file upload.txt (compact mmCIF, C-alpha atoms)
# COMPACT_ATOMS: atom_id res chain seq x y z
CA MET H 1 -33.84 15.04 1.00
CA PHE H 2 -32.22 11.61 1.02
CA VAL H 3 -28.77 10.29 1.89
CA THR H 4 -27.24 7.45 -0.08
CA ARG H 5 -24.00 5.98 -1.29
CA ALA H 6 -22.83 7.88 -4.35
CA THR H 7 -22.52 6.19 -7.73
CA ARG H 8 -20.36 7.10 -10.68
CA HIS H 9 -23.31 9.11 -11.99
CA ASP H 10 -23.05 11.46 -8.98
CA LYS H 11 -19.38 12.31 -9.52
CA GLU H 12 -19.96 15.51 -11.51
CA ASP H 13 -22.53 16.75 -8.97
CA ILE H 14 -20.06 16.12 -6.13
CA ARG H 15 -17.35 17.92 -8.09
CA ALA H 16 -19.68 20.90 -8.66
CA LEU H 17 -20.48 21.11 -4.93
CA MET H 18 -16.79 21.02 -4.05
CA LEU H 19 -15.82 23.65 -6.61
CA GLU H 20 -18.72 25.86 -5.50
CA ASN H 21 -17.16 25.83 -2.02
CA ASP H 22 -13.57 26.34 -3.25
CA TRP H 23 -12.58 22.77 -2.33
CA GLU H 24 -10.18 20.74 -4.43
CA ASP H 25 -11.53 17.51 -5.87
CA ASP H 26 -8.23 15.65 -6.07
CA LYS H 27 -9.58 12.59 -4.22
CA ILE H 28 -12.95 12.39 -5.95
CA ASP H 29 -12.07 9.01 -7.49
CA LYS H 30 -10.83 7.49 -4.22
CA GLY H 31 -12.78 5.65 -1.56
CA THR H 32 -16.51 5.52 -1.05
CA ALA H 33 -18.59 8.68 -1.18
CA PHE H 34 -22.01 9.30 0.32
CA ILE H 35 -24.23 12.17 -0.72
CA ALA H 36 -27.23 14.10 0.53
CA ARG H 37 -29.47 15.00 -2.38
CA ASP H 38 -32.33 17.47 -2.41
CA GLY H 39 -32.64 17.76 -6.15
CA ALA H 40 -28.98 18.78 -6.34
CA VAL H 41 -26.25 17.33 -4.14
CA VAL H 42 -26.27 19.40 -0.94
CA GLY H 43 -23.69 17.43 1.02
CA THR H 44 -21.01 14.79 0.72
CA ILE H 45 -18.63 12.68 2.79
CA ARG H 46 -15.94 10.24 1.67
CA LEU H 47 -14.30 7.25 3.38
CA ILE H 48 -10.88 6.19 2.13
CA GLU H 49 -9.45 2.87 3.34
CA VAL H 50 -5.70 3.24 3.84
CA ALA H 51 -5.19 -0.21 5.36
CA PRO H 52 -7.54 -3.03 6.37
CA GLN H 53 -10.07 -1.66 8.87
CA MET H 54 -8.42 1.83 8.82
CA LEU H 55 -10.58 4.48 7.18
CA ILE H 56 -9.98 8.17 6.68
CA VAL H 57 -13.02 10.45 6.83
CA GLU H 58 -12.55 13.01 4.05
CA ASP H 59 -14.44 15.72 2.24
CA VAL H 60 -17.18 16.31 4.80
CA LEU H 61 -19.00 19.17 3.11
CA VAL H 62 -22.49 20.64 3.28
CA LYS H 63 -23.61 23.32 0.85
CA GLU H 64 -23.43 26.87 2.15
CA GLY H 65 -26.94 27.93 3.11
CA ARG H 66 -27.93 24.34 4.02
CA ARG H 67 -25.70 23.99 7.07
CA ARG H 68 -27.17 23.46 10.53
CA GLU H 69 -30.06 21.42 9.08
CA GLY H 70 -28.68 18.04 10.21
CA ILE H 71 -27.36 17.12 6.77
CA GLY H 72 -23.79 16.61 8.01
CA SER H 73 -25.05 14.41 10.84
CA ARG H 74 -27.07 12.26 8.46
CA LEU H 75 -24.06 11.90 6.16
CA MET H 76 -21.78 10.93 9.06
CA GLU H 77 -24.28 8.36 10.32
CA ALA H 78 -24.65 6.81 6.85
CA ALA H 79 -20.90 6.57 6.38
CA MET H 80 -20.27 5.14 9.85
CA ASN H 81 -23.08 2.59 9.50
CA ALA H 82 -21.83 1.46 6.10
CA ARG H 83 -18.31 0.47 7.11
CA GLY H 84 -16.64 -1.17 10.07
CA GLY H 85 -13.15 -0.38 11.25
CA THR H 86 -11.44 2.52 12.94
CA LEU H 87 -12.11 5.98 11.56
CA TYR H 88 -9.52 8.77 11.46
CA LEU H 89 -9.76 12.39 10.43
CA TYR H 90 -8.20 15.77 10.84
CA CYS H 91 -10.21 18.93 11.28
CA HIS H 92 -10.23 22.53 12.50
CA ASP H 93 -10.97 23.42 16.11
CA ASP H 94 -14.47 24.70 15.36
CA THR H 95 -15.60 21.28 14.09
CA ILE H 96 -14.27 19.20 16.99
CA PRO H 97 -17.63 19.23 18.88
CA PHE H 98 -19.42 17.96 15.76
CA TYR H 99 -17.11 14.95 15.49
CA GLU H 100 -17.16 14.28 19.24
CA ARG H 101 -20.92 13.67 18.95
CA PHE H 102 -20.06 10.62 16.84
CA GLY H 103 -17.54 9.19 19.27
CA PHE H 104 -14.39 10.79 17.88
CA SER H 105 -11.71 11.86 20.32
CA GLN H 106 -8.50 13.76 19.80
CA VAL H 107 -5.35 11.70 19.32
CA PRO H 108 -1.86 13.14 18.77
CA PHE H 109 -0.64 12.75 15.21
CA GLU H 110 2.33 10.65 16.31
CA ASP H 111 -0.07 8.12 17.93
CA GLN H 112 -1.85 7.42 14.63
CA PRO H 113 -0.96 4.20 12.75
CA ALA H 114 1.69 4.56 10.04
CA PRO H 115 -0.75 4.27 7.06
CA VAL H 116 -2.89 7.04 8.54
CA GLN H 117 0.12 9.26 9.17
CA GLU H 118 1.32 8.70 5.60
CA PHE H 119 -2.06 9.62 4.12
CA MET H 120 -2.35 12.73 6.26
CA ARG H 121 1.17 13.87 5.43
CA GLU H 122 0.46 13.48 1.71
CA ASP H 123 -2.87 15.26 2.16
CA GLY H 124 -1.18 18.30 3.69
CA ALA H 125 -2.46 17.95 7.24
CA LEU H 126 0.94 18.92 8.63
CA GLY H 127 1.70 21.67 6.13
CA ASP H 128 2.65 25.18 7.09
CA SER H 129 -0.65 26.99 7.01
CA ASP H 130 -2.51 29.74 8.74
CA HIS H 131 -4.50 27.32 10.88
CA GLU H 132 -3.94 24.26 13.03
CA HIS H 133 -5.31 20.79 12.36
CA PHE H 134 -6.56 18.46 15.08
CA PHE H 135 -6.37 14.70 14.70
CA MET H 136 -9.22 12.45 15.80
CA ARG H 137 -10.17 8.77 15.94
CA ALA H 138 -13.39 6.84 16.51
CA ARG H 139 -14.18 3.15 17.15
call {"tool": "encode", "arguments": {"input": "upload.txt", "output": "structure tokens"}}
result
Amino acid sequence: MFVTRATRHDKEDIRALMLENDWEDDKIDKGTAFIARDGAVVGTIRLIEVAPQMLIVEDVLVKEGRRREGIGSRLMEAAMNARGGTLYLYCHDDTIPFYERFGFSQVPFEDQPAPVQEFMREDGALGDSDHEHFFMRAR
């Protein structure tokens, strides 16, 4: 298995992975994607720059059946090593420990910079749903 920055040739494989996991691919053309490939794409992560040196971590996904193999960690390391700046994300409570391993800490939504808040609002992070989102920042 190898982890690399995705190219335009990987877009359909990323889309297939997302659809296989019932994820929407509405941001597939935005930002910079990284993939883990073991024949097929088995994981992906995307960084979207919303302002200079402000990056949103999006679409962190590892194929069902391949989780807990370190693929997500390798993807996160590749993405973080590829770009400088402050990273922001929102997640569910069960993934907080994963992100904390990479230096993320919880930050109230209202303490995020305006471009980050705008992106997250548009992305549905504050929507009425059956679960709560937690907001995090690193670097």
call {"tool": "residues_around", "arguments": {"input": "upload.txt", "residues": "H:Gln112", "least_positions_apart": "4", "cutoff": "10 Å", "atoms": "only C-alpha atoms", "output": "list in words"}}
result
Tyr88, Val107, Pro108, Val116, Gln117, Glu118, Met120, Phe135, Met136 and Arg137 of chain H
call {"tool": "closest_residue", "arguments": {"input": "upload.txt", "among": "H:Gly72, H:Pro115, H:Gly103, H:Pro97", "to": "H:Pro52", "atoms": "all atoms listed in the file"}}
result
H:Pro115
call {"tool": "closest_residue", "arguments": {"input": "upload.txt", "among": "H:Met1, H:Leu55, H:Ala114, H:Ala40", "to": "H:Ala82", "atoms": "only C-alpha atoms"}}
result
H:Leu55
call {"tool": "residues_near_point", "arguments": {"input": "upload.txt", "point": "(-12.3, 5.7, 13.2)", "cutoff": "12 Å", "atoms": "all atoms listed in the file", "output": "count of residues only"}}
result
38
call {"tool": "closest_residue", "arguments": {"input": "upload.txt", "among": "H:Val3, H:Asp59, H:Asp94, H:Met18", "to": "H:Lys30", "atoms": "only C-alpha atoms"}}
result
H:Asp59
call {"tool": "residues_around", "arguments": {"input": "upload.txt", "residues": "H:Ala78", "least_positions_apart": "6", "cutoff": "12 Å", "atoms": "all atoms listed in the file", "output": "ChimeraX atom specification"}}
result
/H:2-6,32-36,44-47,71-72,84,102
call {"tool": "atom_distance", "arguments": {"input": "upload.txt", "atom1": "atom CA of H:Ser73", "atom2": "atom CA of H:Glu110"}}
result
28.2 Å
call {"tool": "atom_distance", "arguments": {"input": "upload.txt", "atom1": "atom CA of H:Lys63", "atom2": "atom CA of H:Val42"}}
result
5.1 Å
call {"tool": "atom_distance", "arguments": {"input": "upload.txt", "atom1": "atom CA of H:Phe134", "atom2": "atom CA of H:Asp93"}}
result
6.7 Å
call {"tool": "closest_atom_pairs", "arguments": {"input": "upload.txt", "of": "stretch 21-60 of chain H", "to": "stretch 7-17 of chain H", "cutoff": "7 Å", "atoms": "only C-alpha atoms", "output": "CSV"}}
result
residue,atom,partner,partner_atom,distance
H:Asn21,CA,H:Leu17,CA,6.5
H:Asp25,CA,H:Arg15,CA,6.2
H:Val41,CA,H:Asp13,CA,6.1
call {"tool": "write_last_selection", "arguments": {"input": "upload.txt", "atoms": "C-alpha atoms", "output": "tab-separated table (two decimals), in the frame of the given file"}}
result
chain	number	residue	atom	x	y	z
H	21	ASN	CA	-17.16	25.83	-2.02
H	25	ASP	CA	-11.53	17.51	-5.87
H	41	VAL	CA	-26.25	17.33	-4.14
call {"tool": "closest_residue", "arguments": {"input": "upload.txt", "among": "H:Leu75, H:His92, H:Trp23, H:Gly65", "to": "H:Glu132", "atoms": "only C-alpha atoms"}}
result
H:His92
call {"tool": "closest_residue", "arguments": {"input": "upload.txt", "among": "H:Val62, H:Leu126, H:Arg37, H:Arg74", "to": "H:Glu20", "atoms": "only C-alpha atoms"}}
result
H:Val62
call {"tool": "closest_residue", "arguments": {"input": "upload.txt", "among": "H:Cys91, H:Leu61, H:Ile96, H:Gly39", "to": "H:Ala125", "atoms": "only C-alpha atoms"}}
result
H:Cys91
